[in-house]
>>> print(open('model14.txt').read())   # compact mmCIF, C-alpha atoms
# COMPACT_ATOMS: atom_id res chain seq x y z
CA PHE E 24 -1.44 9.06 19.92
CA ARG E 25 -4.90 8.72 21.46
CA LEU E 26 -6.24 11.59 19.33
CA GLN E 27 -4.68 10.10 16.19
CA LYS E 28 -6.27 6.75 17.02
CA ASP E 29 -9.72 8.28 17.55
CA ILE E 30 -9.53 10.22 14.27
CA PHE E 31 -8.21 7.19 12.41
CA LEU E 32 -11.08 5.04 13.68
CA LYS E 33 -13.56 7.65 12.48
CA GLN E 34 -11.90 7.59 9.05
CA VAL E 35 -12.15 3.80 8.97
CA GLN E 36 -15.82 4.06 9.87
CA TRP E 37 -16.49 6.64 7.11
CA ALA E 38 -14.55 4.64 4.53
CA ASN E 39 -16.64 1.59 5.32
CA GLU E 40 -19.91 3.52 5.27
CA LEU E 41 -19.02 5.11 1.92
CA GLN E 42 -17.35 1.94 0.56
CA LYS E 43 -14.14 3.83 -0.28
CA PRO E 44 -10.63 2.43 0.09
CA LEU E 45 -8.28 3.59 2.81
CA ILE E 46 -4.85 4.88 1.82
CA ILE E 47 -2.67 4.93 4.89
CA HIS E 48 0.66 6.59 5.46
CA CYS E 49 2.04 4.78 8.48
CA VAL E 50 5.45 5.48 9.95
CA LYS E 51 5.83 3.67 13.28
CA ALA E 52 2.53 2.04 14.10
CA HIS E 53 1.91 -0.70 11.53
CA GLU E 54 0.95 -3.33 14.09
CA ASP E 55 -1.36 -0.88 15.87
CA VAL E 56 -3.03 0.08 12.58
CA LEU E 57 -3.50 -3.55 11.56
CA GLN E 58 -5.00 -4.38 14.96
CA LEU E 59 -7.38 -1.43 14.77
CA LEU E 60 -8.50 -2.36 11.26
CA SER E 61 -9.18 -5.91 12.39
CA LYS E 62 -10.84 -4.96 15.67
CA HIS E 63 -13.15 -2.51 13.94
CA GLN E 64 -13.97 -4.96 11.16
CA ASN E 65 -12.70 -2.97 8.22
CA LYS E 66 -14.28 -4.22 4.99
CA VAL E 67 -12.73 -1.88 2.40
CA PRO E 68 -9.41 -2.20 0.56
CA VAL E 69 -6.38 -0.70 2.29
CA ILE E 70 -3.18 0.57 0.70
CA PHE E 71 -0.16 1.27 2.90
CA HIS E 72 1.53 3.92 0.80
CA GLY E 73 5.11 5.12 0.86
CA TYR E 74 6.19 1.77 2.28
CA ASN E 75 9.79 1.60 3.47
CA LYS E 76 9.78 -0.98 6.25
CA ASN E 77 10.83 -4.64 6.36
CA ILE E 78 9.59 -7.88 4.82
CA ALA E 79 7.90 -9.10 8.01
CA ILE E 80 5.60 -6.10 8.27
CA ALA E 81 4.85 -6.18 4.53
CA LEU E 82 3.87 -9.85 4.78
CA GLN E 83 1.67 -9.04 7.76
CA ILE E 84 -0.06 -6.32 5.71
CA ILE E 85 -0.77 -8.55 2.73
CA SER E 86 -1.84 -11.47 4.93
CA ASN E 87 -4.79 -9.25 5.82
CA GLY E 88 -5.60 -8.82 2.13
CA TYR E 89 -4.19 -5.30 1.98
CA TYR E 90 -1.78 -3.65 -0.43
CA VAL E 91 1.70 -2.16 -0.15
CA SER E 92 2.73 0.79 -2.32
CA PHE E 93 6.37 1.49 -3.09
CA GLY E 94 7.91 4.77 -4.15
CA LYS E 95 11.32 6.40 -4.12
CA ASP E 96 12.61 4.06 -1.39
CA LEU E 97 12.54 1.28 -3.97
CA GLN E 98 15.86 2.75 -5.07
CA HIS E 99 17.42 1.24 -1.92
CA GLU E 100 18.65 -2.33 -2.19
CA ARG E 101 16.95 -3.38 1.06
CA MET E 102 13.56 -2.58 -0.49
CA HIS E 103 14.26 -4.88 -3.44
CA GLN E 104 14.03 -7.84 -1.08
CA VAL E 105 10.74 -6.57 0.29
CA ILE E 106 8.96 -6.09 -3.04
CA ALA E 107 10.36 -9.39 -4.34
CA ALA E 108 8.81 -11.21 -1.36
CA LEU E 109 5.30 -9.99 -2.16
CA PRO E 110 2.82 -11.21 -4.76
CA ALA E 111 2.38 -8.65 -7.53
CA GLU E 112 -1.36 -8.76 -6.80
CA ASN E 113 -0.69 -6.85 -3.58
CA ILE E 114 1.55 -4.03 -4.75
CA PHE E 115 1.26 -0.52 -6.10
CA LEU E 116 3.87 1.96 -7.26
CA GLU E 117 3.91 5.69 -6.61
CA THR E 118 5.97 8.84 -6.69
CA ASP E 119 4.10 10.74 -3.96
CA ASP E 120 5.98 14.02 -3.54
CA SER E 121 9.30 12.64 -4.77
CA GLU E 122 11.20 14.07 -7.68
CA THR E 123 11.88 10.50 -8.78
CA GLY E 124 9.82 9.82 -11.90
CA ILE E 125 7.31 7.00 -12.08
CA GLU E 126 9.17 5.51 -15.04
CA LYS E 127 12.22 4.96 -12.85
CA ILE E 128 10.07 3.32 -10.17
CA TYR E 129 8.41 1.08 -12.79
CA ASN E 130 11.79 0.08 -14.25
CA LEU E 131 13.19 -0.74 -10.82
CA ALA E 132 10.15 -2.79 -9.85
CA ALA E 133 10.07 -4.68 -13.15
CA ASP E 134 13.77 -5.49 -12.86
CA VAL E 135 13.49 -6.68 -9.27
CA LEU E 136 10.34 -8.72 -10.01
CA LYS E 137 11.94 -10.10 -13.19
CA ILE E 138 8.95 -9.23 -15.35
CA THR E 139 8.45 -6.86 -18.25
CA ARG E 140 7.22 -3.34 -17.71
CA ASP E 141 4.12 -4.20 -19.72
CA SER E 142 3.35 -7.16 -17.45
CA LEU E 143 3.90 -4.99 -14.41
CA SER E 144 1.70 -2.24 -15.80
CA LEU E 145 -1.10 -4.70 -16.55
CA GLN E 146 -0.91 -6.15 -13.04
CA LEU E 147 -0.99 -2.69 -11.45
CA GLN E 148 -4.03 -1.81 -13.56
CA LYS E 149 -5.74 -4.96 -12.29
CA ASN E 150 -4.81 -4.02 -8.72
CA ALA E 151 -6.20 -0.52 -9.20
CA ALA E 152 -9.41 -1.91 -10.65
CA ALA E 153 -9.75 -4.25 -7.66
CA VAL E 154 -9.31 -1.37 -5.21
CA PHE E 155 -11.00 1.55 -6.96
CA GLY E 156 -13.42 -0.24 -9.27
CA VAL E 157 -13.23 -0.99 -12.98
CA ALA E 158 -15.07 2.21 -13.92
CA ALA E 159 -12.28 4.30 -12.36
CA ILE E 160 -9.55 2.58 -14.39
CA LYS E 161 -9.14 2.93 -18.13
CA LEU E 162 -7.62 -0.37 -19.21
>>> encode(input="model14.txt", output="structure tokens")
Amino acid sequence: FRLQKDIFLKQVQWANELQKPLIIHCVKAHEDVLQLLSKHQNKVPVIFHGYNKNIAIALQIISNGYYVSFGKDLQHERMHQVIAALPAENIFLETDDSETGIEKIYNLAADVLKITRDSLSLQLQKNAAAVFGVAAIKL
């Protein structure tokens, strides 16, 4: 864990120097990661990808101004409650290495959030522009 922490802190430092967002796959150390980001004064956007934990951790993530990205686990009912508890301004959708298509993920998210797919798509484009810059996103 110590080696992972040291390498992670170096990545945070580089991301801040280069002004690039951090995309974090975290399994069991969300509180540790959030503390490290705060302690080391992270200034760049952060996306916790492949999120499959509970509402409390998700709310902790977004309270720091970070984002939560949902993928195939959105097919599980327990994740519906999590995404529904978050503002759309703090979410992303993904497929990662899953065979589940992005259309299915979009449909699930739109249904749970009770918005149209077009509204969801527009919000996700805005989120991407906020994280990666407008030039990187073709709206």
>>> closest_residue(input="model14.txt", among="E:Ala81, E:Cys49, E:Ala133, E:Ala111", to="Lys149 (chain E)", atoms="all atoms listed in the file")
E:Ala111
>>> atom_distance(input="model14.txt", atom1="CA of Gln36 (chain E)", atom2="CA of Asp55 (chain E)")
16.4 Å
>>> closest_residue(input="model14.txt", among="E:Asn87, E:Ala79, E:Asp96, E:Lys28", to="Ala108 (chain E)", atoms="all atoms listed in the file")
E:Ala79
>>> closest_residue(input="model14.txt", among="E:Ile47, E:Leu82, E:Ala38, E:Ala52", to="Asn65 (chain E)", atoms="all atoms listed in the file")
E:Ala38
>>> residues_near_point(input="model14.txt", point="(-12.2, -0.4, 13.3)", cutoff="12 Å", atoms="only C-alpha atoms", output="list of chain:residue names")
E:Lys28, E:Asp29, E:Ile30, E:Phe31, E:Leu32, E:Lys33, E:Gln34, E:Val35, E:Gln36, E:Trp37, E:Ala38, E:Asn39, E:Glu40, E:Leu45, E:Asp55, E:Val56, E:Leu57, E:Gln58, E:Leu59, E:Leu60, E:Ser61, E:Lys62, E:His63, E:Gln64, E:Asn65, E:Lys66, E:Val67
>>> closest_residue(input="model14.txt", among="E:Leu109, E:Ile114, E:Ile138, E:Leu131", to="Ala153 (chain E)", atoms="only C-alpha atoms")
E:Ile114
>>> closest_residue(input="model14.txt", among="E:Lys43, E:Arg101, E:Arg140, E:His48", to="Ile78 (chain E)", atoms="all atoms listed in the file")
E:Arg101
>>> residues_around(input="model14.txt", residues="His103 (chain E)", least_positions_apart="2", cutoff="12 Å", atoms="all atoms listed in the file", output="ChimeraX atom specification")
/E:74-78,93-101,105-109,128,131-137
>>> closest_residue(input="model14.txt", among="E:Glu117, E:Glu112, E:Glu54, E:Glu122", to="Ala152 (chain E)", atoms="all atoms listed in the file")
E:Glu112
>>> atom_distance(input="model14.txt", atom1="CA of Ile70 (chain E)", atom2="CA of His53 (chain E)")
12.0 Å
>>> atom_distance(input="model14.txt", atom1="CA of Phe24 (chain E)", atom2="CA of Phe71 (chain E)")
18.8 Å
>>> axis_aligned_box(input="model14.txt", around="region 88-98 of chain E", padding_each_side="5 Å", output="AutoDock Vina command-line options")
--center_x 5.1 --center_y -1.2 --center_z -1.5 --size_x 31.5 --size_y 25.2 --size_z 17.2
>>> build_atoms(input="model14.txt", residues="region 141-158 of chain E", atoms="N, CA and C atoms", output="PDB file, in the coordinates of the input")
ATOM      1  N   ASP E 141       5.507  -4.020 -19.283  1.00  0.00           N
ATOM      2  CA  ASP E 141       4.120  -4.200 -19.720  1.00  0.00           C
ATOM      3  C   ASP E 141       3.361  -5.134 -18.796  1.00  0.00           C
ATOM      4  N   SER E 142       3.997  -6.229 -18.391  1.00  0.00           N
ATOM      5  CA  SER E 142       3.350  -7.160 -17.450  1.00  0.00           C
ATOM      6  C   SER E 142       3.084  -6.484 -16.120  1.00  0.00           C
ATOM      7  N   LEU E 143       4.054  -5.723 -15.661  1.00  0.00           N
ATOM      8  CA  LEU E 143       3.900  -4.990 -14.410  1.00  0.00           C
ATOM      9  C   LEU E 143       2.761  -3.980 -14.518  1.00  0.00           C
ATOM     10  N   SER E 144       2.746  -3.244 -15.598  1.00  0.00           N
ATOM     11  CA  SER E 144       1.700  -2.240 -15.800  1.00  0.00           C
ATOM     12  C   SER E 144       0.310  -2.877 -15.814  1.00  0.00           C
ATOM     13  N   LEU E 145       0.182  -3.998 -16.511  1.00  0.00           N
ATOM     14  CA  LEU E 145      -1.100  -4.700 -16.550  1.00  0.00           C
ATOM     15  C   LEU E 145      -1.523  -5.152 -15.166  1.00  0.00           C
ATOM     16  N   GLN E 146      -0.580  -5.701 -14.391  1.00  0.00           N
ATOM     17  CA  GLN E 146      -0.910  -6.150 -13.040  1.00  0.00           C
ATOM     18  C   GLN E 146      -1.328  -4.983 -12.158  1.00  0.00           C
ATOM     19  N   LEU E 147      -0.640  -3.860 -12.264  1.00  0.00           N
ATOM     20  CA  LEU E 147      -0.990  -2.690 -11.450  1.00  0.00           C
ATOM     21  C   LEU E 147      -2.359  -2.137 -11.850  1.00  0.00           C
ATOM     22  N   GLN E 148      -2.690  -2.228 -13.135  1.00  0.00           N
ATOM     23  CA  GLN E 148      -4.030  -1.810 -13.560  1.00  0.00           C
ATOM     24  C   GLN E 148      -5.096  -2.722 -12.955  1.00  0.00           C
ATOM     25  N   LYS E 149      -4.811  -4.016 -12.919  1.00  0.00           N
ATOM     26  CA  LYS E 149      -5.740  -4.960 -12.290  1.00  0.00           C
ATOM     27  C   LYS E 149      -5.887  -4.658 -10.797  1.00  0.00           C
ATOM     28  N   ASN E 150      -4.768  -4.351 -10.150  1.00  0.00           N
ATOM     29  CA  ASN E 150      -4.810  -4.020  -8.720  1.00  0.00           C
ATOM     30  C   ASN E 150      -5.648  -2.765  -8.489  1.00  0.00           C
ATOM     31  N   ALA E 151      -5.437  -1.764  -9.336  1.00  0.00           N
ATOM     32  CA  ALA E 151      -6.200  -0.520  -9.200  1.00  0.00           C
ATOM     33  C   ALA E 151      -7.685  -0.766  -9.422  1.00  0.00           C
ATOM     34  N   ALA E 152      -8.004  -1.592 -10.403  1.00  0.00           N
ATOM     35  CA  ALA E 152      -9.410  -1.910 -10.650  1.00  0.00           C
ATOM     36  C   ALA E 152     -10.027  -2.631  -9.458  1.00  0.00           C
ATOM     37  N   ALA E 153      -9.249  -3.518  -8.832  1.00  0.00           N
ATOM     38  CA  ALA E 153      -9.750  -4.250  -7.660  1.00  0.00           C
ATOM     39  C   ALA E 153     -10.013  -3.306  -6.488  1.00  0.00           C
ATOM     40  N   VAL E 154      -9.186  -2.289  -6.342  1.00  0.00           N
ATOM     41  CA  VAL E 154      -9.310  -1.370  -5.210  1.00  0.00           C
ATOM     42  C   VAL E 154     -10.315  -0.256  -5.490  1.00  0.00           C
ATOM     43  N   PHE E 155     -10.210   0.345  -6.665  1.00  0.00           N
ATOM     44  CA  PHE E 155     -11.000   1.550  -6.960  1.00  0.00           C
ATOM     45  C   PHE E 155     -12.196   1.294  -7.866  1.00  0.00           C
ATOM     46  N   GLY E 156     -12.323   0.093  -8.397  1.00  0.00           N
ATOM     47  CA  GLY E 156     -13.420  -0.240  -9.270  1.00  0.00           C
ATOM     48  C   GLY E 156     -13.017  -0.102 -10.737  1.00  0.00           C
ATOM     49  N   VAL E 157     -13.577  -0.955 -11.549  1.00  0.00           N
ATOM     50  CA  VAL E 157     -13.230  -0.990 -12.980  1.00  0.00           C
ATOM     51  C   VAL E 157     -13.560   0.334 -13.645  1.00  0.00           C
ATOM     52  N   ALA E 158     -14.656   0.965 -13.273  1.00  0.00           N
ATOM     53  CA  ALA E 158     -15.070   2.210 -13.920  1.00  0.00           C
ATOM     54  C   ALA E 158     -14.023   3.322 -13.716  1.00  0.00           C
TER      55      ALA E 158
END
